[in-house]
file entry33.tsv (TSV, C-alpha atoms)
chain	number	residue	atom	x	y	z
A	12	GLU	CA	36.79	9.48	-1.01
A	13	TYR	CA	33.37	10.62	0.20
A	14	ILE	CA	30.31	11.69	-1.78
A	15	PRO	CA	28.12	13.94	0.42
A	16	ALA	CA	24.32	13.97	0.32
A	17	PRO	CA	21.69	15.92	2.29
A	18	ASP	CA	21.23	14.85	5.89
A	19	MET	CA	19.76	16.36	9.04
A	20	GLY	CA	20.37	20.12	8.91
A	21	THR	CA	21.52	20.18	5.29
A	22	GLY	CA	19.73	20.20	1.95
A	23	GLY	CA	20.07	21.12	-1.68
A	24	ALA	CA	21.51	24.57	-0.97
A	25	GLU	CA	24.45	23.09	0.93
A	26	MET	CA	25.03	20.50	-1.80
A	27	VAL	CA	25.22	23.32	-4.38
A	28	ARG	CA	27.90	25.08	-2.31
A	29	ILE	CA	29.99	21.90	-2.42
A	30	TYR	CA	29.41	21.52	-6.16
A	31	ASN	CA	30.39	25.17	-6.73
A	32	GLU	CA	33.78	24.38	-5.18
A	33	THR	CA	34.47	21.05	-6.89
A	34	LYS	CA	32.89	21.88	-10.28
A	35	ASP	CA	32.21	18.13	-10.50
A	36	PRO	CA	28.56	16.99	-10.60
A	37	ALA	CA	29.62	13.50	-9.46
A	38	SER	CA	31.24	14.84	-6.28
A	39	VAL	CA	27.95	15.44	-4.46
A	40	THR	CA	24.39	14.08	-4.61
A	41	GLY	CA	21.04	15.52	-3.63
A	42	LYS	CA	21.57	18.52	-5.89
A	43	PRO	CA	18.47	20.70	-6.43
A	44	ASP	CA	16.36	20.46	-9.57
A	45	GLY	CA	18.01	22.03	-12.57
A	46	ILE	CA	21.58	21.86	-11.27
A	47	GLU	CA	23.92	19.89	-13.57
A	48	GLY	CA	23.67	16.19	-12.69
A	49	TRP	CA	20.49	16.54	-10.58
A	50	LEU	CA	18.24	13.50	-10.30
A	51	PRO	CA	14.45	13.71	-10.64
A	52	GLY	CA	12.88	11.96	-7.65
A	53	ARG	CA	15.91	12.33	-5.38
A	54	ALA	CA	14.16	14.78	-3.03
A	55	GLU	CA	11.34	12.38	-2.18
A	56	SER	CA	13.33	9.13	-2.46
A	57	THR	CA	13.91	8.51	1.25
A	58	GLY	CA	10.30	9.21	2.21
A	59	TYR	CA	9.11	7.17	-0.77
A	60	GLY	CA	11.25	4.24	0.37
A	61	VAL	CA	9.76	4.47	3.87
A	62	TYR	CA	6.29	4.43	2.32
A	63	HIS	CA	7.17	1.44	0.11
A	64	VAL	CA	8.52	-0.77	2.91
A	65	ILE	CA	5.43	0.03	5.01
A	66	LEU	CA	3.16	-0.83	2.08
A	67	ARG	CA	4.95	-4.17	1.63
A	68	ASP	CA	4.72	-4.81	5.38
A	69	MET	CA	0.98	-4.11	5.24
A	70	GLU	CA	0.66	-6.75	2.52
A	71	ARG	CA	2.55	-9.31	4.61
A	72	ARG	CA	0.40	-8.52	7.65
A	73	GLY	CA	-2.81	-8.54	5.63
A	74	ILE	CA	-3.68	-4.92	6.48
A	75	ALA	CA	-5.46	-2.80	3.88
A	76	PRO	CA	-4.04	0.74	3.61
A	77	ASP	CA	-7.40	2.31	4.40
A	78	ARG	CA	-7.49	0.31	7.64
A	79	CYS	CA	-3.99	1.39	8.66
A	80	THR	CA	-3.08	4.10	11.20
A	81	VAL	CA	0.25	5.93	11.30
A	82	ALA	CA	2.02	8.38	13.63
A	83	ILE	CA	5.08	10.33	12.46
A	84	GLN	CA	7.76	12.19	14.39
A	85	GLY	CA	9.41	14.69	12.06
A	86	PHE	CA	7.90	16.47	9.07
A	87	GLY	CA	10.99	17.30	7.04
A	88	LYS	CA	11.85	15.79	3.69
A	89	VAL	CA	11.62	12.23	5.00
A	90	GLY	CA	8.55	12.45	7.22
A	91	SER	CA	6.56	14.80	5.01
A	92	TYR	CA	6.99	12.73	1.85
A	93	ALA	CA	6.29	9.47	3.68
A	94	ALA	CA	3.13	11.07	5.10
A	95	ARG	CA	1.98	12.29	1.68
A	96	PHE	CA	2.49	8.93	-0.01
A	97	LEU	CA	0.74	7.05	2.81
A	98	PHE	CA	-2.11	9.59	2.93
A	99	ARG	CA	-2.71	9.28	-0.81
A	100	GLU	CA	-2.68	5.48	-0.44
A	101	GLY	CA	-5.57	5.83	2.01
A	102	ALA	CA	-3.77	5.37	5.33
A	103	ARG	CA	-4.89	7.46	8.31
A	104	VAL	CA	-2.05	9.60	9.60
A	105	ILE	CA	-3.38	10.31	13.08
A	106	GLY	CA	-0.47	12.30	14.52
A	107	VAL	CA	2.55	14.28	13.34
A	108	THR	CA	5.11	16.33	15.29
A	109	ASP	CA	8.04	18.55	14.40
A	110	VAL	CA	10.28	20.96	16.33
A	111	SER	CA	7.52	23.58	16.40
A	112	GLY	CA	4.71	21.42	17.75
A	113	GLY	CA	2.33	18.66	16.73
A	114	ALA	CA	-1.10	17.82	15.36
A	115	HIS	CA	-3.38	14.93	16.29
A	116	ASN	CA	-6.69	13.72	14.89
A	117	PRO	CA	-7.80	10.11	15.55
A	118	MET	CA	-9.88	10.24	12.36
A	119	GLY	CA	-6.81	11.16	10.32
A	120	LEU	CA	-5.09	14.42	9.38
A	121	ASP	CA	-5.40	16.04	5.97
A	122	ILE	CA	-1.74	15.79	4.99
A	123	ASP	CA	-2.11	18.02	1.93
A	124	ALA	CA	-3.58	20.76	4.12
A	125	LEU	CA	-0.88	20.19	6.75
A	126	SER	CA	1.86	20.45	4.11
A	127	ALA	CA	0.38	23.71	2.82
A	128	HIS	CA	0.21	25.05	6.38
A	129	CYS	CA	3.85	24.13	7.08
A	130	LYS	CA	4.99	25.77	3.86
A	131	LYS	CA	3.27	28.99	4.91
A	132	ALA	CA	3.91	28.94	8.68
A	133	GLY	CA	7.25	27.18	8.75
A	134	GLY	CA	6.09	24.35	10.99
A	135	ILE	CA	3.17	22.34	12.32
A	136	ALA	CA	2.39	24.71	15.21
A	137	GLY	CA	-0.91	26.48	14.66
A	138	PHE	CA	-2.46	23.82	12.42
A	139	ASP	CA	-6.19	23.29	13.00
A	140	ALA	CA	-6.00	20.07	15.02
A	141	LYS	CA	-5.41	18.95	18.60
A	142	ASN	CA	-1.89	19.79	19.75
A	143	ILE	CA	0.35	16.86	20.64
A	144	GLY	CA	3.96	16.44	21.79
A	145	ASN	CA	6.45	13.65	21.10
A	146	GLU	CA	5.78	11.81	24.36
A	147	ALA	CA	2.06	11.59	23.64
A	148	LEU	CA	2.71	10.80	19.97
A	149	PHE	CA	4.82	7.79	20.94
A	150	ARG	CA	1.99	6.52	23.15
A	151	LEU	CA	-0.65	6.62	20.40
A	152	GLU	CA	-2.16	3.26	19.55
A	153	CYS	CA	-1.49	2.78	15.84
A	154	ASP	CA	-0.16	0.29	13.33
A	155	TYR	CA	3.05	2.17	12.50
A	156	LEU	CA	5.12	4.71	14.40
A	157	ILE	CA	7.65	6.46	12.16
A	158	PRO	CA	10.47	8.31	13.96
A	159	ALA	CA	11.75	10.42	11.06
A	160	ALA	CA	13.72	13.11	12.89
A	161	SER	CA	16.79	12.51	15.05
A	162	GLY	CA	18.51	9.47	16.53
A	163	HIS	CA	18.05	7.78	19.91
A	164	VAL	CA	14.52	9.10	20.52
A	165	ILE	CA	13.26	5.68	21.65
A	166	ASP	CA	15.38	4.20	24.42
A	167	GLY	CA	15.19	1.91	27.43
A	168	ASN	CA	13.28	4.54	29.38
A	169	ASN	CA	10.37	5.24	27.01
A	170	ALA	CA	10.19	2.13	24.80
A	171	SER	CA	7.75	0.40	27.16
A	172	ALA	CA	5.22	3.19	26.47
A	173	ILE	CA	5.23	2.80	22.67
A	174	GLY	CA	1.69	2.16	21.46
A	175	ALA	CA	2.43	1.11	17.88
A	176	ALA	CA	2.48	-2.43	16.52
A	177	CYS	CA	5.55	-1.61	14.41
A	178	VAL	CA	8.30	1.03	14.60
A	179	VAL	CA	9.72	2.17	11.25
A	180	GLU	CA	13.21	3.66	11.56
A	181	ALA	CA	12.99	6.49	9.04
A	182	ALA	CA	15.68	8.45	10.92
A	183	ASN	CA	19.18	7.12	11.50
A	184	MET	CA	19.24	4.93	14.62
A	185	PRO	CA	16.13	6.40	16.29
A	186	VAL	CA	15.88	3.31	18.51
A	187	THR	CA	18.75	2.55	20.90
A	188	PHE	CA	19.91	-0.99	21.59
A	189	ASP	CA	18.24	-0.94	25.01
A	190	GLY	CA	15.06	0.42	23.43
A	191	MET	CA	15.16	-2.29	20.81
A	192	LYS	CA	15.30	-5.02	23.46
A	193	VAL	CA	12.24	-3.54	25.18
A	194	LEU	CA	10.28	-3.30	21.91
A	195	ILE	CA	11.11	-6.87	20.96
A	196	GLY	CA	10.07	-8.02	24.43
A	197	LYS	CA	6.70	-6.32	23.92
A	198	GLY	CA	6.25	-8.00	20.53
A	199	ILE	CA	6.61	-4.71	18.64
A	200	ALA	CA	8.18	-5.20	15.21
A	201	ILE	CA	10.95	-2.95	13.89
A	202	LEU	CA	11.68	-2.05	10.27
A	203	PRO	CA	15.36	-1.09	10.74
A	204	ASP	CA	16.95	2.03	9.29
A	205	ALA	CA	19.44	0.15	7.10
A	206	TYR	CA	16.40	-1.12	5.20
A	207	ALA	CA	13.58	1.35	5.80
A	208	ASN	CA	15.37	4.64	5.07
A	209	ALA	CA	17.73	3.38	2.35
A	210	GLY	CA	15.73	5.00	-0.46
A	211	GLY	CA	17.80	8.18	-0.33
A	212	VAL	CA	21.10	6.29	-0.55
A	213	ILE	CA	19.78	4.22	-3.45
A	214	ALA	CA	18.77	7.39	-5.31
A	215	SER	CA	22.08	9.06	-4.48
A	216	ASN	CA	23.91	6.12	-6.04
A	217	LEU	CA	21.73	6.51	-9.14
A	218	GLU	CA	22.50	10.24	-9.25
A	219	TYR	CA	26.22	9.48	-8.96
A	220	ARG	CA	26.03	6.93	-11.79
A	221	GLN	CA	24.09	9.42	-13.92
A	222	ALA	CA	26.74	12.10	-13.36
A	223	LEU	CA	29.51	9.69	-14.37
A	224	GLY	CA	27.81	8.16	-17.39
A	225	GLY	CA	25.74	10.93	-18.87
A	226	LEU	CA	22.55	8.85	-18.72
A	227	LYS	CA	19.39	10.72	-17.74
A	228	PHE	CA	16.92	9.07	-15.41
A	229	THR	CA	13.28	10.07	-15.00
A	230	ARG	CA	11.45	10.38	-11.68
A	231	GLU	CA	9.61	7.15	-12.46
A	232	GLN	CA	12.89	5.33	-13.08
A	233	THR	CA	14.35	6.67	-9.83
A	234	LEU	CA	11.40	5.53	-7.73
A	235	ALA	CA	11.34	2.17	-9.54
A	236	GLU	CA	15.01	1.70	-8.64
A	237	VAL	CA	14.17	2.45	-4.99
A	238	ARG	CA	11.33	-0.09	-5.02
A	239	ASP	CA	13.36	-2.81	-6.72
A	240	ARG	CA	16.42	-2.44	-4.50
A	241	LEU	CA	14.35	-2.43	-1.30
A	242	ASP	CA	12.41	-5.50	-2.45
A	243	ASP	CA	15.68	-7.28	-3.29
A	244	ALA	CA	17.04	-6.39	0.15
A	245	TYR	CA	14.02	-7.91	1.89
A	246	THR	CA	14.25	-11.04	-0.27
A	247	ALA	CA	17.89	-11.44	0.78
A	248	CYS	CA	16.78	-11.28	4.43
A	249	GLU	CA	14.00	-13.87	4.13
A	250	PRO	CA	16.15	-17.01	4.67
A	251	ILE	CA	17.45	-15.48	7.92
A	252	LEU	CA	13.95	-14.43	8.99
A	253	ALA	CA	12.81	-18.02	8.41
A	254	LYS	CA	15.20	-19.07	11.20
A	255	GLY	CA	13.29	-16.93	13.67
A	256	ARG	CA	15.64	-13.96	13.73
A	257	THR	CA	14.52	-10.33	13.61
A	258	LEU	CA	14.65	-8.13	10.53
A	259	THR	CA	17.27	-5.97	12.26
A	260	GLU	CA	19.50	-9.02	12.76
A	261	ALA	CA	18.89	-10.13	9.18
A	262	THR	CA	19.82	-6.75	7.68
A	263	VAL	CA	23.05	-6.69	9.70
A	264	ASP	CA	23.94	-10.23	8.61
A	265	VAL	CA	23.26	-9.52	4.93
A	266	THR	CA	25.17	-6.23	5.06
A	267	LEU	CA	28.25	-7.66	6.76
A	268	THR	CA	28.31	-10.65	4.41
A	269	ARG	CA	28.15	-8.39	1.35
A	270	VAL	CA	30.88	-6.07	2.64
A	271	TYR	CA	33.11	-9.02	3.58
A	272	GLU	CA	32.65	-10.71	0.19
A	273	SER	CA	33.38	-7.46	-1.65
A	274	MET	CA	36.57	-6.92	0.35
A	275	VAL	CA	37.69	-10.49	-0.36
A	276	ASN	CA	36.96	-10.10	-4.08
A	277	ARG	CA	39.03	-6.89	-4.13
A	278	SER	CA	41.90	-8.61	-2.29
A	279	LEU	CA	41.50	-6.25	0.65
A	280	LEU	CA	41.26	-9.23	3.03

call {"tool": "encode", "arguments": {"input": "entry33.tsv", "output": "structure tokens"}}
result
Amino acid sequence: EYIPAPDMGTGGAEMVRIYNETKDPASVTGKPDGIEGWLPGRAESTGYGVYHVILRDMERRGIAPDRCTVAIQGFGKVGSYAARFLFREGARVIGVTDVSGGAHNPMGLDIDALSAHCKKAGGIAGFDAKNIGNEALFRLECDYLIPAASGHVIDGNNASAIGAACVVEAANMPVTFDGMKVLIGKGIAILPDAYANAGGVIASNLEYRQALGGLKFTREQTLAEVRDRLDDAYTACEPILAKGRTLTEATVDVTLTRVYESMVNRSLL
């Protein structure tokens, strides 16, 4: 009835423990490399999806990647991969925080060096850059702020201090409803979680299909599936956006319509 996948506080090791009990590779997704039914590209799929929707948003706004600035809260599998992809695209990642601390450089951080440091030290603390906390990170003037850690970190109390032009919900519900109203009032765009962080769910569905059908997907095929599905999702939202509604409203409308139609087609309604 439920197919688990890695989430906050869990990863491949926990997925293996589930698989060891069920003995069914289709019963769990996000399995580590080499485990029966594992999917190449699954580990980076959520962060890659975040990167892709930002890249598409840059195109729509007419911003070149090398002219773009980014701040990221959270440097786990989502935030770290999003940072790497954006860094290699030429974007300046000017600030990153995790539970251990933060790093800030207005000229841009070397994300490869930061990743190597975190692998060795276990966190951002101690990296050769100016220290920064979440409150200061949220105030940074930048093109994109990516909350990629926990939920409800931007609310009615701190949303007015956000310095970014766009908030990308890489975590699940990092912006509360009250926070959302403040951001919209300030003219700050939001790429909602149902769209921006869906890359992991898309890849998990591909992993599930692979486990059922015996087909083997490559990393390139996995990331292509993430790109295509996210692009299709935005296209489905465009007619609603044309009516002056927000992307958050559009994603909710599209989602509810699809669920309702599916339930009708299955005679559940």

call {"tool": "residues_near_point", "arguments": {"input": "entry33.tsv", "point": "(17.6, 22.2, -7.1)", "cutoff": "10 Å", "atoms": "all atoms listed in the file", "output": "number ranges by chain"}}
result
A: 22-24, 26-27, 41-47, 49-51, 54

call {"tool": "closest_residue", "arguments": {"input": "entry33.tsv", "among": "A:Thr187, A:Ser161, A:Thr233, A:Asn116", "to": "A:Ala140", "atoms": "only C-alpha atoms"}}
result
A:Asn116

call {"tool": "closest_residue", "arguments": {"input": "entry33.tsv", "among": "A:Asp166, A:Glu32, A:Asp18, A:Glu25", "to": "A:Asn208", "atoms": "all atoms listed in the file"}}
result
A:Asp18

call {"tool": "atom_distance", "arguments": {"input": "entry33.tsv", "atom1": "atom CA of A:Glu152", "atom2": "atom CA of A:Ser111"}}
result
22.7 Å

call {"tool": "residues_near_point", "arguments": {"input": "entry33.tsv", "point": "(9.7, 8.7, 8.8)", "cutoff": "12 Å", "atoms": "only C-alpha atoms", "output": "PyMOL selection string"}}
result
chain A and resi 55-65+81-97+104+107-109+155-162+178-185+202-204+207-210

call {"tool": "closest_residue", "arguments": {"input": "entry33.tsv", "among": "A:Lys34, A:Lys192, A:Arg71, A:Arg220", "to": "A:Thr259", "atoms": "only C-alpha atoms"}}
result
A:Lys192

call {"tool": "closest_residue", "arguments": {"input": "entry33.tsv", "among": "A:Leu217, A:Ala176, A:Leu252, A:Ala16", "to": "A:Asp264", "atoms": "all atoms listed in the file"}}
result
A:Leu252

call {"tool": "closest_residue", "arguments": {"input": "entry33.tsv", "among": "A:Ala136, A:Leu279, A:Leu223, A:Ala244", "to": "A:Ser38", "atoms": "all atoms listed in the file"}}
result
A:Leu223
